[in-house]
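> Okay, handing you the structure first.
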Amino acid sequence: MDMAALIAVLGVAFFFTYTNGFHDSANAIATSVSTRALTPKAALAMAAVMNLAGAFLGSGVANTVSKGIIETPTGSQGMAILFGALVGAIVWNLTTWYFGLPSSSSHALFGGMVGAALAGGTKVIWSGVIDKIIVPMFVSPIVGLVAGYLVMLAILWIFRRANPHRAKRNFRVAQTASAAAMALAHGLQDAQKTMGVVVLALTISGHQTGNAIPIWVKVSCATMLSLGTYAGGWRIMRTLGRKIIELDPPQGFAAESTAATIMYVTSYVFKAPISTTHVITAAIMGVGATKRVRAVRWGVAKNIVLGWFITMPAAALVAALAYWIVHAIFL
């Protein structure tokens with residue numbers, strides 16, 4: 001039973017990573033595709049490779065997820081809690097993908113963990129939830145919005161005398177690098193979140209002690225994220241690339257560079273699991289506002305932000321329901 005439960009949780013965890021990949025592929029490449037800096041196939045292939053590489057660049061975020069959100073549950077109940085948490089996150093990912101809403105896979109997972117833990121009577125580490133999840137959830141989009149605006153202003157000033165057509169052509173080339181940096185940062189952040197859950201499952205089942213991430217866990221999570229990314233999330237890509245604002249190459253470069261920088265800083269300095277979706281979406285809004293405030297379709301932006309606020313509670317409710325079902329049937 002314990003081994004079967006572990007296999008079930010690992011399978012659902014890897015499937016969550018796959019949905020994370022195709023749900024969030026737009027984060028890395030939507031701007032590059034919309035500005036025609038990269039073809040869709042080339043962008044997806046590049047993003048898949050960079051996601052794979054990024055997964056091996058650190059472990060700070062994984063440690064936060066595995067020991068900083070809920071106290072380690074035990075036995076079959078603990079496996080049921082993880083199973084419910086992952087189901088809640090997957091359901092929210094698929095729902096928002098269907099409607100083309102760029103929500104956060106990360107916060108869906110965190111909401112699922114909190115909801116399932118509460119349903120299963122496991123203590124939630126609220127200080128960790130507030131410091132590492134709630135605060136960055138509010139701060140990172142604000143930083144992305146302001147930084148995107150300032151970076152774009154700097155680009156406009158620096159290249160104010162440049163030939164517009166030549167500048168756009170050069171920035172289209174530069175976007176290849178900024179999109180790659182964004183995809184690498186996405187792998188660094190999001191693959192680690194599933195690694196943290198897998199390590200938690202191995203700890204509960206007695207197959208591991210300590211916080212070290214086995215190499216097979218890194219390879220598996222990185223591979224599933226990469227495969228999901230290559231599958232592509234075209235519904236969300238249209239929202240990020242076109243519906244918020246019509247981007248040109250300099251704007252796309254500014255948004256990607258801003259978001260990637262924020263993600264590297266939060267990963268290495270604060271070890272905080274932030275949402276790539278929140279950061280890139282906010283950066284796009286900030287960049288777009290330099291053209292004129294009304295250039296940003298704030299109605300679309302409002303719907304996206306509302307989705308951010310309901311992500312954790314919605315995933316928590318689904319996770320709690322999934323836990324109760326598993327508990328009633330198997331425990």
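Ligands are numbered from 1 in the order shown, chains are lettered A, B, ... in the order of the structure tokens, and residues start at 1 in each chain.
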Enumerate the residues of range 96-309 of chain A with a DSSP assignment of helix (DSSP H, G or I), computed from the backbone, and present them as a PyMOL selection string.

chain A and resi 96-98+105-120+126-158+164-204+215-231+234-243+249-270+276-289+293-295+298-309

> So that I can check the surroundings of Ala48 in chain A, please list as a VMD selection string every protein, DNA and RNA residue that reaches within 9 Å of it, counting only C-alpha atoms and ignoring chain neighbours fewer than 5 positions away.

chain A and resid 21 25 43 53 183 187 223 225 to 230

> Write a file of the selected residues as a PDB file, in the first residue's frame, keeping N, CA, C and O atoms.


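Saved the output as part-v4.pdb:
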ATOM      1  N   GLY A  21       4.404  22.963 -17.367  1.00  0.00           N
ATOM      2  CA  GLY A  21       5.191  23.305 -18.545  1.00  0.00           C
ATOM      3  C   GLY A  21       4.352  23.900 -19.657  1.00  0.00           C
ATOM      4  O   GLY A  21       4.671  24.968 -20.190  1.00  0.00           O
ATOM      5  N   SER A  25       4.480  27.835 -20.588  1.00  0.00           N
ATOM      6  CA  SER A  25       5.404  28.046 -21.707  1.00  0.00           C
ATOM      7  C   SER A  25       5.241  29.446 -22.278  1.00  0.00           C
ATOM      8  O   SER A  25       6.202  30.059 -22.762  1.00  0.00           O
ATOM      9  N   ALA A  43      10.798  28.827 -30.863  1.00  0.00           N
ATOM     10  CA  ALA A  43      10.660  29.355 -29.507  1.00  0.00           C
ATOM     11  C   ALA A  43      10.361  28.244 -28.508  1.00  0.00           C
ATOM     12  O   ALA A  43      10.939  28.201 -27.415  1.00  0.00           O
ATOM     13  N   ALA A  53      17.680  22.941 -18.630  1.00  0.00           N
ATOM     14  CA  ALA A  53      18.952  23.374 -18.042  1.00  0.00           C
ATOM     15  C   ALA A  53      18.727  24.114 -16.723  1.00  0.00           C
ATOM     16  O   ALA A  53      19.455  23.906 -15.740  1.00  0.00           O
ATOM     17  N   ALA A 183      13.287  31.602 -20.066  1.00  0.00           N
ATOM     18  CA  ALA A 183      13.013  30.164 -19.995  1.00  0.00           C
ATOM     19  C   ALA A 183      13.927  29.484 -18.979  1.00  0.00           C
ATOM     20  O   ALA A 183      13.505  28.577 -18.259  1.00  0.00           O
ATOM     21  N   GLY A 187      12.722  27.418 -15.588  1.00  0.00           N
ATOM     22  CA  GLY A 187      13.175  26.092 -15.171  1.00  0.00           C
ATOM     23  C   GLY A 187      13.752  26.109 -13.772  1.00  0.00           C
ATOM     24  O   GLY A 187      13.506  25.209 -12.967  1.00  0.00           O
ATOM     25  N   THR A 223      12.717  16.977 -17.004  1.00  0.00           N
ATOM     26  CA  THR A 223      12.267  16.400 -18.273  1.00  0.00           C
ATOM     27  C   THR A 223      10.776  16.620 -18.484  1.00  0.00           C
ATOM     28  O   THR A 223      10.340  17.008 -19.578  1.00  0.00           O
ATOM     29  N   LEU A 225       8.854  18.950 -17.136  1.00  0.00           N
ATOM     30  CA  LEU A 225       8.613  20.371 -17.365  1.00  0.00           C
ATOM     31  C   LEU A 225       8.979  20.743 -18.796  1.00  0.00           C
ATOM     32  O   LEU A 225       8.257  21.490 -19.472  1.00  0.00           O
ATOM     33  N   SER A 226      10.088  20.208 -19.264  1.00  0.00           N
ATOM     34  CA  SER A 226      10.549  20.497 -20.616  1.00  0.00           C
ATOM     35  C   SER A 226       9.589  19.944 -21.671  1.00  0.00           C
ATOM     36  O   SER A 226       9.255  20.623 -22.649  1.00  0.00           O
ATOM     37  N   LEU A 227       9.106  18.723 -21.461  1.00  0.00           N
ATOM     38  CA  LEU A 227       8.146  18.135 -22.398  1.00  0.00           C
ATOM     39  C   LEU A 227       6.841  18.927 -22.424  1.00  0.00           C
ATOM     40  O   LEU A 227       6.254  19.154 -23.487  1.00  0.00           O
ATOM     41  N   GLY A 228       6.391  19.342 -21.245  1.00  0.00           N
ATOM     42  CA  GLY A 228       5.184  20.154 -21.184  1.00  0.00           C
ATOM     43  C   GLY A 228       5.355  21.485 -21.883  1.00  0.00           C
ATOM     44  O   GLY A 228       4.451  21.959 -22.581  1.00  0.00           O
ATOM     45  N   THR A 229       6.515  22.080 -21.713  1.00  0.00           N
ATOM     46  CA  THR A 229       6.807  23.349 -22.384  1.00  0.00           C
ATOM     47  C   THR A 229       6.757  23.188 -23.888  1.00  0.00           C
ATOM     48  O   THR A 229       6.191  24.012 -24.611  1.00  0.00           O
ATOM     49  N   TYR A 230       7.354  22.112 -24.389  1.00  0.00           N
ATOM     50  CA  TYR A 230       7.383  21.894 -25.840  1.00  0.00           C
ATOM     51  C   TYR A 230       5.979  21.640 -26.393  1.00  0.00           C
ATOM     52  O   TYR A 230       5.699  21.934 -27.549  1.00  0.00           O
TER      53      TYR A 230
END

> So the first atom is CA of Asn51 in chain A and the second is CA of Ile204 in chain A; what is the distance between them in Å, to one decimal place?

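Straight-line distance from CA of Asn51 in chain A to CA of Ile204 in chain A works out to 28.0 Å.
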
> Compare A:Arg160, A:His186, A:Arg292, A:His165 by their minimum atom-to-atom distance to Ser106 in chain A, counting only C-alpha atoms, and give me the closest one.

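Closest to Ser106 in chain A, using only C-alpha atoms: A:His186.
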
> With 12 Å as the cut-off and only C-alpha atoms counted, what is the closest atom pair between each nearby residue of range 68-156 of chain A and range 315-330 of chain A? Distances in Å to one decimal, ordered by chain and number, as a tab-separated table.


residue	atom	partner	partner_atom	distance
A:Ser76	CA	A:Phe330	CA	9.0
A:Gln77	CA	A:His327	CA	7.5
A:Gly78	CA	A:Tyr323	CA	10.0
A:Met79	CA	A:Tyr323	CA	9.6
A:Ala80	CA	A:Tyr323	CA	5.9
A:Ile81	CA	A:Tyr323	CA	5.9
A:Leu82	CA	A:Tyr323	CA	8.5
A:Phe83	CA	A:Tyr323	CA	7.2
A:Gly84	CA	A:Ala319	CA	4.5
A:Ala85	CA	A:Ala319	CA	4.8
A:Leu86	CA	A:Ala319	CA	7.2
A:Val87	CA	A:Ala319	CA	6.1
A:Gly88	CA	A:Ala319	CA	4.1
A:Ala89	CA	A:Ala315	CA	5.6
A:Ile90	CA	A:Ala315	CA	8.5
A:Val91	CA	A:Ala315	CA	7.5
A:Trp92	CA	A:Ala315	CA	6.0
A:Asn93	CA	A:Ala315	CA	9.1
A:Leu94	CA	A:Ala315	CA	11.3
A:Thr95	CA	A:Ala315	CA	10.6
A:Thr96	CA	A:Ala315	CA	11.3
A:Ser103	CA	A:Ala315	CA	11.5
A:Ser104	CA	A:Ala315	CA	10.8
A:Ser105	CA	A:Ala315	CA	9.9
A:Ser106	CA	A:Ala315	CA	10.7
A:His107	CA	A:Ala315	CA	8.4
A:Ala108	CA	A:Ala315	CA	5.4
A:Leu109	CA	A:Ala315	CA	7.4
A:Phe110	CA	A:Ala316	CA	8.2
A:Gly111	CA	A:Ala316	CA	4.7
A:Gly112	CA	A:Ala316	CA	4.4
A:Met113	CA	A:Ala316	CA	7.1
A:Val114	CA	A:Ala316	CA	6.3
A:Gly115	CA	A:Ala316	CA	3.9
A:Ala116	CA	A:Ala320	CA	4.5
A:Ala117	CA	A:Ala320	CA	7.8
A:Leu118	CA	A:Ala320	CA	7.5
A:Ala119	CA	A:Ala320	CA	5.3
A:Gly120	CA	A:Tyr323	CA	7.2
A:Gly121	CA	A:Ala320	CA	10.8
A:Thr122	CA	A:Ala320	CA	12.0

> Pick the closest to Ile215 in chain A from A:His23, A:Val49, A:Val199, A:Ala282: which is it, counting only C-alpha atoms?

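Among the listed residues, A:Val199 lies closest to Ile215 in chain A.
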
> List the spatial neighbours of Ala201 in chain A as number ranges by chain - criterion: any atom at most 12 Å away, only C-alpha atoms, same-chain residues fewer than 5 positions off excluded.

A: 2-3, 5-13, 65-67, 72-83, 85-86, 194-196, 206-209, 211, 213, 217

> Grab the residues selected above and save them as a compact mmCIF listing (two decimals), in the first residue's frame with C-alpha atoms.


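Wrote result.txt, looks like this:
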# COMPACT_ATOMS: atom_id res chain seq x y z
CA ASP A 2 2.81 2.44 0.93
CA MET A 3 4.68 1.77 -2.31
CA ALA A 5 0.70 5.37 -2.65
CA LEU A 6 4.20 6.65 -3.37
CA ILE A 7 3.95 5.66 -7.04
CA ALA A 8 0.54 7.35 -7.31
CA VAL A 9 1.84 10.58 -5.76
CA LEU A 10 4.96 10.59 -7.95
CA GLY A 11 2.87 10.00 -11.05
CA VAL A 12 0.53 12.87 -10.21
CA ALA A 13 3.50 15.09 -9.33
CA VAL A 65 8.56 24.02 -0.76
CA SER A 66 9.53 20.76 0.97
CA LYS A 67 9.89 22.13 4.50
CA THR A 72 5.90 17.03 7.15
CA PRO A 73 2.85 14.76 7.44
CA THR A 74 3.28 11.06 8.12
CA GLY A 75 2.14 7.70 6.77
CA SER A 76 -0.76 7.11 4.42
CA GLN A 77 -2.46 10.29 5.55
CA GLY A 78 0.59 12.28 4.49
CA MET A 79 0.55 10.70 1.03
CA ALA A 80 -3.16 11.47 0.72
CA ILE A 81 -2.45 15.11 1.59
CA LEU A 82 0.20 15.38 -1.14
CA PHE A 83 -2.07 13.61 -3.61
CA ALA A 85 -2.60 19.03 -3.10
CA LEU A 86 -1.38 18.00 -6.55
CA THR A 194 7.83 19.84 -7.94
CA MET A 195 11.21 18.58 -6.74
CA GLY A 196 10.26 19.85 -3.29
CA GLY A 206 10.64 6.52 4.46
CA HIS A 207 12.74 6.36 1.31
CA GLN A 208 14.77 9.44 2.15
CA THR A 209 16.08 11.45 5.08
CA ASN A 211 16.72 17.65 2.13
CA ILE A 213 17.44 16.18 -4.01
CA VAL A 217 14.27 13.50 -9.14

> Between A:Phe159, A:Asn170, A:Val143, A:Thr19, which has the minimum distance to Tyr98 in chain A (counting only C-alpha atoms)?

A:Thr19

> For Thr64 in chain A, which residue out of A:Tyr264, A:Phe270, A:Phe14, A:Phe171 is the nearest one, using only C-alpha atoms?

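The shortest atom-to-atom distance to Thr64 in chain A comes from A:Phe270.
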
> Do you have the CA of Met224 in chain A-CA of Ala283 in chain A distance handy?

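Pair CA of Met224 in chain A / CA of Ala283 in chain A returns 27.1 Å.
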